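Pasting model.cif here (mmCIF, N, CA and C atoms):
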data_query
#
loop_
_atom_site.label_atom_id
_atom_site.label_comp_id
_atom_site.auth_asym_id
_atom_site.auth_seq_id
_atom_site.Cartn_x
_atom_site.Cartn_y
_atom_site.Cartn_z
N ALA A 461 -36.45 156.08 75.11
CA ALA A 461 -36.92 155.79 76.46
C ALA A 461 -37.72 154.50 76.47
N CYS A 462 -37.67 153.79 77.59
CA CYS A 462 -38.42 152.55 77.75
C CYS A 462 -39.62 152.81 78.65
N ASP A 463 -40.76 152.29 78.22
CA ASP A 463 -41.96 152.36 79.05
C ASP A 463 -42.76 151.09 78.84
N LYS A 464 -44.03 151.09 79.31
CA LYS A 464 -44.85 149.88 79.22
C LYS A 464 -45.04 149.40 77.79
N GLY A 465 -44.91 150.32 76.84
CA GLY A 465 -45.07 149.96 75.43
C GLY A 465 -43.81 149.40 74.80
N GLY A 466 -42.70 149.41 75.55
CA GLY A 466 -41.44 148.90 75.03
C GLY A 466 -40.39 149.99 75.00
N CYS A 467 -39.30 149.71 74.29
CA CYS A 467 -38.18 150.64 74.20
C CYS A 467 -38.10 151.21 72.80
N ASP A 468 -37.57 152.42 72.69
CA ASP A 468 -37.46 153.10 71.40
C ASP A 468 -36.38 152.47 70.51
N THR A 469 -35.29 151.98 71.11
CA THR A 469 -34.20 151.42 70.31
C THR A 469 -33.75 150.07 70.87
N ALA A 470 -33.03 149.33 70.04
CA ALA A 470 -32.48 148.04 70.48
C ALA A 470 -31.48 148.25 71.61
N GLU A 471 -30.74 149.35 71.57
CA GLU A 471 -29.76 149.65 72.63
C GLU A 471 -30.47 149.87 73.96
N GLU A 472 -31.58 150.60 73.93
CA GLU A 472 -32.35 150.83 75.16
C GLU A 472 -32.92 149.52 75.70
N ALA A 473 -33.38 148.66 74.79
CA ALA A 473 -33.91 147.35 75.20
C ALA A 473 -32.80 146.52 75.85
N ALA A 474 -31.59 146.57 75.29
CA ALA A 474 -30.46 145.85 75.86
C ALA A 474 -30.10 146.41 77.24
N ASP A 475 -30.14 147.74 77.37
CA ASP A 475 -29.87 148.38 78.67
C ASP A 475 -30.90 147.94 79.70
N LEU A 476 -32.17 147.88 79.29
CA LEU A 476 -33.23 147.47 80.19
C LEU A 476 -33.06 146.02 80.62
N ARG A 477 -32.68 145.15 79.67
CA ARG A 477 -32.42 143.73 80.00
C ARG A 477 -31.31 143.61 81.02
N GLU A 478 -30.21 144.32 80.78
CA GLU A 478 -29.06 144.28 81.70
C GLU A 478 -29.45 144.83 83.08
N TYR A 479 -30.19 145.91 83.08
CA TYR A 479 -30.63 146.51 84.34
C TYR A 479 -31.54 145.53 85.09
N GLY A 480 -32.45 144.88 84.37
CA GLY A 480 -33.35 143.90 84.99
C GLY A 480 -32.58 142.75 85.62
N GLN A 481 -31.53 142.29 84.95
CA GLN A 481 -30.72 141.22 85.52
C GLN A 481 -30.10 141.65 86.83
N GLY A 482 -29.71 142.91 86.94
CA GLY A 482 -29.17 143.43 88.19
C GLY A 482 -30.19 143.44 89.32
N LEU A 483 -31.46 143.50 88.95
CA LEU A 483 -32.54 143.44 89.95
C LEU A 483 -32.98 142.00 90.21
N GLY A 484 -32.45 141.05 89.44
CA GLY A 484 -32.84 139.66 89.60
C GLY A 484 -33.98 139.24 88.70
N VAL A 485 -34.19 140.00 87.61
CA VAL A 485 -35.29 139.72 86.69
C VAL A 485 -34.73 139.48 85.29
N ASP A 486 -35.14 138.37 84.69
CA ASP A 486 -34.86 138.13 83.28
C ASP A 486 -36.11 138.59 82.55
N VAL A 487 -36.00 139.68 81.78
CA VAL A 487 -37.21 140.29 81.20
C VAL A 487 -37.97 139.36 80.27
N GLU A 488 -37.31 138.33 79.73
CA GLU A 488 -38.05 137.38 78.90
C GLU A 488 -38.70 136.28 79.76
N ASP A 489 -37.93 135.67 80.66
CA ASP A 489 -38.46 134.59 81.50
C ASP A 489 -39.43 135.11 82.55
N ASP A 490 -39.23 136.33 83.00
CA ASP A 490 -40.06 136.92 84.05
C ASP A 490 -40.93 138.03 83.49
N ALA A 491 -41.51 137.79 82.33
CA ALA A 491 -42.29 138.83 81.65
C ALA A 491 -43.41 139.39 82.54
N ASP A 492 -43.97 138.55 83.41
CA ASP A 492 -45.07 139.01 84.27
C ASP A 492 -44.63 140.04 85.31
N ILE A 493 -43.33 140.13 85.57
CA ILE A 493 -42.86 141.14 86.53
C ILE A 493 -41.93 142.16 85.87
N SER A 494 -41.96 142.21 84.56
CA SER A 494 -41.12 143.19 83.86
C SER A 494 -41.56 144.62 84.19
N TRP A 495 -42.79 144.78 84.65
CA TRP A 495 -43.27 146.10 85.05
C TRP A 495 -42.42 146.66 86.19
N ILE A 496 -41.92 145.79 87.06
CA ILE A 496 -41.08 146.25 88.17
C ILE A 496 -39.78 146.85 87.61
N VAL A 497 -39.22 146.17 86.61
CA VAL A 497 -38.00 146.66 85.97
C VAL A 497 -38.26 148.02 85.33
N GLN A 498 -39.40 148.14 84.64
CA GLN A 498 -39.77 149.42 84.00
C GLN A 498 -39.86 150.54 85.05
N GLU A 499 -40.56 150.24 86.15
CA GLU A 499 -40.72 151.24 87.21
C GLU A 499 -39.38 151.65 87.78
N ALA A 500 -38.53 150.66 88.08
CA ALA A 500 -37.22 150.94 88.66
C ALA A 500 -36.34 151.71 87.68
N PHE A 501 -36.37 151.31 86.41
CA PHE A 501 -35.55 151.93 85.36
C PHE A 501 -35.89 153.41 85.22
N ASN A 502 -37.16 153.75 85.41
CA ASN A 502 -37.63 155.12 85.24
C ASN A 502 -37.84 155.86 86.57
N ALA A 503 -37.42 155.24 87.68
CA ALA A 503 -37.65 155.84 88.99
C ALA A 503 -36.88 157.16 89.14
N PRO A 504 -37.56 158.17 89.66
CA PRO A 504 -36.85 159.44 89.90
C PRO A 504 -35.87 159.28 91.07
N LEU A 505 -34.91 160.14 91.12
CA LEU A 505 -33.96 160.13 92.23
C LEU A 505 -34.60 160.72 93.47
N PRO A 506 -34.29 160.16 94.64
CA PRO A 506 -34.76 160.79 95.89
C PRO A 506 -34.14 162.18 96.04
N ALA A 507 -34.78 163.01 96.86
CA ALA A 507 -34.27 164.36 97.10
C ALA A 507 -32.83 164.30 97.59
N SER A 508 -32.05 165.24 97.19
CA SER A 508 -30.63 165.45 97.51
C SER A 508 -29.69 164.50 96.77
N TRP A 509 -30.23 163.62 95.91
CA TRP A 509 -29.37 162.78 95.06
C TRP A 509 -29.29 163.40 93.68
N SER A 510 -28.15 163.25 93.03
CA SER A 510 -28.00 163.73 91.66
C SER A 510 -27.25 162.68 90.85
N GLU A 511 -27.41 162.76 89.54
CA GLU A 511 -26.82 161.79 88.61
C GLU A 511 -25.62 162.45 87.93
N HIS A 512 -24.52 161.68 87.79
CA HIS A 512 -23.30 162.23 87.19
C HIS A 512 -22.64 161.18 86.31
N ILE A 513 -21.73 161.63 85.47
CA ILE A 513 -20.91 160.75 84.62
C ILE A 513 -19.45 160.98 85.01
N ASP A 514 -18.73 159.88 85.28
CA ASP A 514 -17.32 160.04 85.65
C ASP A 514 -16.45 160.23 84.40
N ASP A 515 -15.15 160.38 84.59
CA ASP A 515 -14.21 160.63 83.49
C ASP A 515 -14.16 159.50 82.47
N GLU A 516 -14.59 158.28 82.91
CA GLU A 516 -14.59 157.12 82.00
C GLU A 516 -15.95 156.89 81.36
N GLY A 517 -16.89 157.84 81.57
CA GLY A 517 -18.20 157.73 80.95
C GLY A 517 -19.18 156.86 81.71
N ARG A 518 -18.86 156.52 82.97
CA ARG A 518 -19.75 155.66 83.76
C ARG A 518 -20.70 156.52 84.61
N LEU A 519 -21.93 156.06 84.69
CA LEU A 519 -22.96 156.74 85.46
C LEU A 519 -22.78 156.43 86.94
N TYR A 520 -22.90 157.47 87.77
CA TYR A 520 -22.91 157.27 89.21
C TYR A 520 -23.86 158.27 89.84
N PHE A 521 -24.19 158.03 91.10
CA PHE A 521 -25.14 158.86 91.82
C PHE A 521 -24.46 159.45 93.04
N PHE A 522 -24.80 160.70 93.35
CA PHE A 522 -24.16 161.40 94.45
C PHE A 522 -25.22 162.01 95.34
N ARG A 523 -25.03 161.84 96.65
CA ARG A 523 -25.95 162.43 97.63
C ARG A 523 -25.24 163.59 98.31
N GLU A 524 -25.67 164.77 97.94
CA GLU A 524 -25.08 166.00 98.45
C GLU A 524 -25.07 166.04 99.97
N ALA A 525 -26.18 165.61 100.57
CA ALA A 525 -26.34 165.76 102.02
C ALA A 525 -25.29 165.01 102.82
N SER A 526 -24.82 163.86 102.32
CA SER A 526 -23.88 163.05 103.10
C SER A 526 -22.52 162.89 102.42
N GLY A 527 -22.43 163.33 101.16
CA GLY A 527 -21.20 163.14 100.41
C GLY A 527 -21.04 161.73 99.87
N GLU A 528 -22.10 160.92 100.00
CA GLU A 528 -22.09 159.52 99.55
C GLU A 528 -22.21 159.46 98.03
N SER A 529 -21.48 158.53 97.41
CA SER A 529 -21.66 158.27 96.00
C SER A 529 -21.87 156.77 95.80
N SER A 530 -22.56 156.43 94.70
CA SER A 530 -22.91 155.04 94.45
C SER A 530 -23.01 154.79 92.95
N TRP A 531 -22.60 153.61 92.54
CA TRP A 531 -22.77 153.21 91.14
C TRP A 531 -24.22 152.80 90.90
N GLU A 532 -24.95 152.51 91.95
CA GLU A 532 -26.32 152.00 91.86
C GLU A 532 -27.32 153.09 92.21
N HIS A 533 -28.43 153.13 91.46
CA HIS A 533 -29.51 154.08 91.76
C HIS A 533 -29.93 153.85 93.21
N PRO A 534 -30.16 154.92 93.98
CA PRO A 534 -30.47 154.76 95.40
C PRO A 534 -31.74 153.96 95.69
N MET A 535 -32.61 153.80 94.71
CA MET A 535 -33.86 153.04 94.94
C MET A 535 -33.75 151.59 94.49
N ASP A 536 -32.63 151.19 93.88
CA ASP A 536 -32.50 149.82 93.37
C ASP A 536 -32.72 148.76 94.45
N ALA A 537 -32.21 148.98 95.65
CA ALA A 537 -32.36 147.98 96.71
C ALA A 537 -33.83 147.74 97.03
N VAL A 538 -34.62 148.79 97.02
CA VAL A 538 -36.06 148.66 97.29
C VAL A 538 -36.73 147.83 96.20
N TYR A 539 -36.39 148.10 94.95
CA TYR A 539 -36.98 147.34 93.84
C TYR A 539 -36.49 145.89 93.85
N ARG A 540 -35.23 145.66 94.21
CA ARG A 540 -34.71 144.30 94.31
C ARG A 540 -35.48 143.51 95.37
N GLU A 541 -35.77 144.16 96.49
CA GLU A 541 -36.57 143.51 97.55
C GLU A 541 -37.96 143.19 97.04
N LEU A 542 -38.56 144.10 96.29
CA LEU A 542 -39.89 143.86 95.74
C LEU A 542 -39.88 142.66 94.79
N VAL A 543 -38.85 142.56 93.96
CA VAL A 543 -38.72 141.41 93.06
C VAL A 543 -38.66 140.12 93.88
N ASP A 544 -37.87 140.12 94.95
CA ASP A 544 -37.75 138.94 95.80
C ASP A 544 -39.10 138.54 96.40
N ILE A 545 -39.87 139.52 96.85
CA ILE A 545 -41.19 139.24 97.43
C ILE A 545 -42.11 138.62 96.39
N VAL A 546 -42.14 139.21 95.20
CA VAL A 546 -43.01 138.69 94.14
C VAL A 546 -42.59 137.26 93.78
N LYS A 547 -41.30 137.02 93.70
CA LYS A 547 -40.83 135.67 93.37
C LYS A 547 -41.15 134.67 94.48
N GLU A 548 -41.09 135.10 95.74
CA GLU A 548 -41.48 134.24 96.87
C GLU A 548 -42.93 133.80 96.72
N VAL A 549 -43.78 134.76 96.44
CA VAL A 549 -45.21 134.47 96.27
C VAL A 549 -45.41 133.52 95.09
N ARG A 550 -44.72 133.79 93.99
CA ARG A 550 -44.85 132.98 92.78
C ARG A 550 -44.42 131.53 93.03
N ARG A 551 -43.34 131.34 93.79
CA ARG A 551 -42.84 129.99 94.08
C ARG A 551 -43.75 129.24 95.04
N GLY A 552 -44.60 129.98 95.74
CA GLY A 552 -45.46 129.33 96.71
C GLY A 552 -44.84 129.29 98.09
N ASP A 553 -43.72 130.03 98.28
CA ASP A 553 -43.10 130.09 99.60
C ASP A 553 -44.02 130.82 100.58
N VAL A 554 -44.92 131.60 100.02
CA VAL A 554 -45.90 132.32 100.83
C VAL A 554 -47.27 131.80 100.40
N ARG A 555 -48.13 131.56 101.38
CA ARG A 555 -49.47 131.11 101.01
C ARG A 555 -50.09 132.09 100.03
N SER A 556 -50.79 131.59 99.04
CA SER A 556 -51.29 132.44 97.97
C SER A 556 -52.61 133.12 98.31
N ASP A 557 -53.07 133.00 99.54
CA ASP A 557 -54.25 133.70 99.99
C ASP A 557 -54.01 135.21 99.82
N GLU A 558 -54.99 135.91 99.28
CA GLU A 558 -54.81 137.33 98.98
C GLU A 558 -54.46 138.15 100.22
N SER A 559 -55.07 137.84 101.35
CA SER A 559 -54.76 138.62 102.55
C SER A 559 -53.33 138.37 103.02
N ASP A 560 -52.81 137.15 102.82
CA ASP A 560 -51.40 136.87 103.18
C ASP A 560 -50.46 137.66 102.27
N ARG A 561 -50.78 137.71 100.98
CA ARG A 561 -49.96 138.48 100.05
C ARG A 561 -49.99 139.96 100.41
N ALA A 562 -51.16 140.45 100.75
CA ALA A 562 -51.30 141.86 101.12
C ALA A 562 -50.47 142.16 102.37
N ARG A 563 -50.51 141.25 103.36
CA ARG A 563 -49.72 141.44 104.58
C ARG A 563 -48.22 141.48 104.26
N LEU A 564 -47.79 140.62 103.36
CA LEU A 564 -46.39 140.58 102.96
C LEU A 564 -45.96 141.91 102.32
N VAL A 565 -46.76 142.39 101.40
CA VAL A 565 -46.45 143.65 100.72
C VAL A 565 -46.50 144.82 101.71
N HIS A 566 -47.51 144.85 102.56
CA HIS A 566 -47.61 145.93 103.55
C HIS A 566 -46.44 145.89 104.53
N GLY A 567 -46.01 144.70 104.89
CA GLY A 567 -44.84 144.57 105.77
C GLY A 567 -43.60 145.15 105.11
N HIS A 568 -43.45 144.86 103.83
CA HIS A 568 -42.31 145.40 103.08
C HIS A 568 -42.39 146.92 103.03
N LEU A 569 -43.57 147.45 102.76
CA LEU A 569 -43.74 148.90 102.69
C LEU A 569 -43.44 149.55 104.05
N ARG A 570 -43.83 148.91 105.14
CA ARG A 570 -43.52 149.44 106.47
C ARG A 570 -42.00 149.48 106.70
N GLN A 571 -41.30 148.44 106.26
CA GLN A 571 -39.83 148.40 106.40
C GLN A 571 -39.18 149.53 105.60
N VAL A 572 -39.63 149.71 104.37
CA VAL A 572 -39.07 150.77 103.52
C VAL A 572 -39.35 152.13 104.15
N HIS A 573 -40.57 152.29 104.65
CA HIS A 573 -40.95 153.56 105.29
C HIS A 573 -40.05 153.82 106.51
N GLN A 574 -39.81 152.79 107.32
CA GLN A 574 -38.97 152.96 108.50
C GLN A 574 -37.54 153.33 108.10
N ARG A 575 -37.03 152.71 107.05
CA ARG A 575 -35.68 153.06 106.59
C ARG A 575 -35.62 154.53 106.15
N ALA A 576 -36.70 154.99 105.50
CA ALA A 576 -36.75 156.40 105.08
C ALA A 576 -36.77 157.31 106.30
N LEU A 577 -37.55 156.95 107.30
CA LEU A 577 -37.59 157.75 108.53
C LEU A 577 -36.22 157.77 109.21
N ASP A 578 -35.55 156.62 109.25
CA ASP A 578 -34.21 156.55 109.85
C ASP A 578 -33.23 157.46 109.11
N ALA A 579 -33.36 157.50 107.77
CA ALA A 579 -32.46 158.33 106.96
C ALA A 579 -32.71 159.82 107.21
N LEU A 580 -33.92 160.17 107.65
CA LEU A 580 -34.25 161.57 107.92
C LEU A 580 -33.82 162.02 109.31
N GLU A 581 -33.45 161.06 110.15
CA GLU A 581 -33.07 161.39 111.52
C GLU A 581 -31.89 162.36 111.52
N GLY A 582 -32.01 163.39 112.33
CA GLY A 582 -30.95 164.38 112.42
C GLY A 582 -31.18 165.59 111.54
N TRP A 583 -32.13 165.49 110.61
CA TRP A 583 -32.40 166.62 109.71
C TRP A 583 -33.46 167.52 110.31
N SER A 584 -33.30 168.81 110.10
CA SER A 584 -34.31 169.76 110.54
C SER A 584 -34.48 170.82 109.44
N GLY A 585 -35.59 171.52 109.52
CA GLY A 585 -35.87 172.54 108.51
C GLY A 585 -37.25 172.35 107.96
N PRO A 586 -37.64 173.09 107.00
CA PRO A 586 -36.82 174.04 106.24
C PRO A 586 -36.61 175.35 107.01
N TYR A 587 -35.45 175.95 106.73
CA TYR A 587 -35.09 177.25 107.26
C TYR A 587 -35.00 178.21 106.08
N SER A 588 -35.26 179.48 106.37
CA SER A 588 -35.20 180.50 105.32
C SER A 588 -33.83 181.17 105.32
N SER A 589 -33.37 181.47 104.13
CA SER A 589 -32.12 182.23 103.98
C SER A 589 -32.24 183.07 102.72
N SER A 590 -31.27 183.94 102.51
CA SER A 590 -31.29 184.77 101.31
C SER A 590 -31.13 183.93 100.04
N GLU A 591 -30.59 182.70 100.20
CA GLU A 591 -30.41 181.79 99.06
C GLU A 591 -31.58 180.85 98.86
N GLY A 592 -32.59 180.94 99.71
CA GLY A 592 -33.75 180.07 99.62
C GLY A 592 -33.84 179.15 100.82
N GLU A 593 -34.82 178.25 100.80
CA GLU A 593 -35.01 177.32 101.91
C GLU A 593 -33.91 176.28 101.94
N TYR A 594 -33.54 175.87 103.16
CA TYR A 594 -32.53 174.82 103.29
C TYR A 594 -32.86 173.93 104.49
N TYR A 595 -32.23 172.77 104.52
CA TYR A 595 -32.36 171.81 105.61
C TYR A 595 -30.98 171.62 106.21
N TYR A 596 -30.96 171.28 107.51
CA TYR A 596 -29.68 171.14 108.21
C TYR A 596 -29.63 169.83 108.96
N ASN A 597 -28.48 169.16 108.90
CA ASN A 597 -28.25 167.94 109.66
C ASN A 597 -27.14 168.24 110.67
N ALA A 598 -27.51 168.26 111.96
CA ALA A 598 -26.57 168.61 113.02
C ALA A 598 -25.46 167.56 113.16
N ALA A 599 -25.80 166.29 113.00
CA ALA A 599 -24.79 165.23 113.15
C ALA A 599 -23.74 165.30 112.05
N LEU A 600 -24.18 165.57 110.82
CA LEU A 600 -23.26 165.65 109.69
C LEU A 600 -22.67 167.05 109.49
N LYS A 601 -23.29 168.03 110.18
CA LYS A 601 -22.91 169.43 110.02
C LYS A 601 -22.97 169.85 108.53
N VAL A 602 -24.12 169.52 107.92
CA VAL A 602 -24.33 169.78 106.50
C VAL A 602 -25.64 170.51 106.30
N SER A 603 -25.64 171.49 105.42
CA SER A 603 -26.87 172.17 104.99
C SER A 603 -27.10 171.82 103.52
N VAL A 604 -28.38 171.67 103.18
CA VAL A 604 -28.72 171.34 101.80
C VAL A 604 -29.87 172.23 101.35
N TRP A 605 -29.65 172.87 100.21
CA TRP A 605 -30.70 173.67 99.60
C TRP A 605 -31.37 172.83 98.54
N GLU A 606 -32.67 172.72 98.57
CA GLU A 606 -33.41 171.91 97.58
C GLU A 606 -34.47 172.77 96.95
#
Could you spell out this file's structure in structure tokens?
Amino acid sequence: ACDKGGCDTAEEAADLREYGQGLGVDVEDDADISWIVQEAFNAPLPASWSEHIDDEGRLYFFREASGESSWEHPMDAVYRELVDIVKEVRRGDVRSDESDRARLVHGHLRQVHQRALDALEGWSGPYSSSEGEYYYNAALKVSVWE
């Protein structure tokens, strides 16, 4: 496993480097933001998402609630946006005043929060059943037990 102290094996380090490149981070050149790569690499899956391996041994993610599948971790886009914000600040595209940086980060967090709220639209629950609590989406006509 890879954490702030590094990776256990050379293979894990190579995986982390490749993953970082997908987020727009070169772990050697961008050492100051490698923590973002670590956080993203170890990020838990959002509720109703699960991790699977296809017949060819490739990792993919599946969202039970919508039937959506993706080769990319569902949180990667959020981390990619965070990398872009940090790089903007670093380049000086954003004034380096601390309050301006804070506003930029808070603005990003508000956008992510709004996207999460939008994704919850149509869901209701929890409801009780003999199988446990579940949530229901009327638009998708899907129930999910979590």
Can you find the residues with an atom no farther than 6.5 Å from (-35.3, 171.0, 103.7), counting all atoms listed in the file, and report them as a tab-separated table (two decimals) with N, CA and C atoms, in the coordinates of the input?
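Produced file point_21.tsv, reproduced below:
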chain	number	residue	atom	x	y	z
A	584	SER	N	-33.30	168.81	110.10
A	584	SER	CA	-34.31	169.76	110.54
A	584	SER	C	-34.48	170.82	109.44
A	585	GLY	N	-35.59	171.52	109.52
A	585	GLY	CA	-35.87	172.54	108.51
A	585	GLY	C	-37.25	172.35	107.96
A	586	PRO	N	-37.64	173.09	107.00
A	586	PRO	CA	-36.82	174.04	106.24
A	586	PRO	C	-36.61	175.35	107.01
A	587	TYR	N	-35.45	175.95	106.73
A	587	TYR	CA	-35.09	177.25	107.26
A	587	TYR	C	-35.00	178.21	106.08
A	593	GLU	N	-34.82	178.25	100.80
A	593	GLU	CA	-35.01	177.32	101.91
A	593	GLU	C	-33.91	176.28	101.94
A	594	TYR	N	-33.54	175.87	103.16
A	594	TYR	CA	-32.53	174.82	103.29
A	594	TYR	C	-32.86	173.93	104.49
A	595	TYR	N	-32.23	172.77	104.52
A	595	TYR	CA	-32.36	171.81	105.61
A	595	TYR	C	-30.98	171.62	106.21
A	596	TYR	N	-30.96	171.28	107.51
A	596	TYR	CA	-29.68	171.14	108.21
A	596	TYR	C	-29.63	169.83	108.96
A	604	VAL	N	-28.38	171.67	103.18
A	604	VAL	CA	-28.72	171.34	101.80
A	604	VAL	C	-29.87	172.23	101.35
A	606	GLU	N	-32.67	172.72	98.57
A	606	GLU	CA	-33.41	171.91	97.58
A	606	GLU	C	-34.47	172.77	96.95
Original post:
Could you spell out the hits of the PyMOL selection byres ((chain A and resi 525) around 8) on the shown file, as a list in words?
Top reply: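 That expression, the PyMOL selection byres ((chain A and resi 525) around 8), corresponds here to Ala507, Ser508, Trp509, Phe522, Arg523, Glu524, Ser526, Gly527, Glu528, Asn597, Leu600, Lys601, Val602, Ser603 and Val604 of chain A.
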**OP:** Determine the nearest neighbour of Ile493 of chain A from the options A:His568, A:Arg550, A:Arg561, A:His533, counting only C-alpha atoms.
**Re:**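 Going through A:His568, A:Arg550, A:Arg561, A:His533 one by one, the smallest distance to Ile493 of chain A is for A:Arg550.
Minimum distance to Val549 of chain A across A:Val485, A:Ala537, A:Leu564, A:Leu519 (counting only C-alpha atoms) occurs at A:Leu564.
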**OP:** Would you list, as a PyMOL selection string, the residues of chain A that end up in strand (DSSP E) under DSSP run on this structure's backbone?
**Re:** chain A and resi 462-463+466-467+509-513+519-523+528-530+583-587+594-597+602-605
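The smallest atom-to-atom distance between Trp531 of chain A and any of A:Val487, A:Cys467, A:Ile513, A:Val546, using only C-alpha atoms, is found for A:Ile513.
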Original post:
So which residues of segment 505-578 of chain A fall under helix (DSSP H, G or I) by DSSP, listed as a PyMOL selection string?
Top reply: chain A and resi 536-551+558-578
Original post:
What separation in Å, quoted to one decimal, exists between atom CA of Leu542 of chain A and atom CA of Leu580 of chain A?
Top reply: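 For atom CA of Leu542 of chain A relative to atom CA of Leu580 of chain A, the distance reads 22.2 Å.
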Subject >> Close residues, Met535 of chain A itself excluded, 7 Å, only N, CA and C atoms, min 3 positions apart in chain, as an NGL selection string >> reply: :A and (500 or 505-506 or 532 or 538-540)
Original post:
To one decimal place, how far is atom CA of Glu511 of chain A from atom CA of Ser529 of chain A in Å?
Top reply: 9.7 Å
Edge lengths and centre in Å to one decimal, as AutoDock Vina command-line options, of the axis-aligned box that encloses all listed atoms of segment 530-539 of chain A with 6 Å added on every side?
--center_x -29.8 --center_y 151.2 --center_z 94.1 --size_x 26.4 --size_y 22.5 --size_z 18.4
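Atom pair atom CA of Leu476 of chain A / atom CA of Ser510 of chain A: separated by 20.6 Å.
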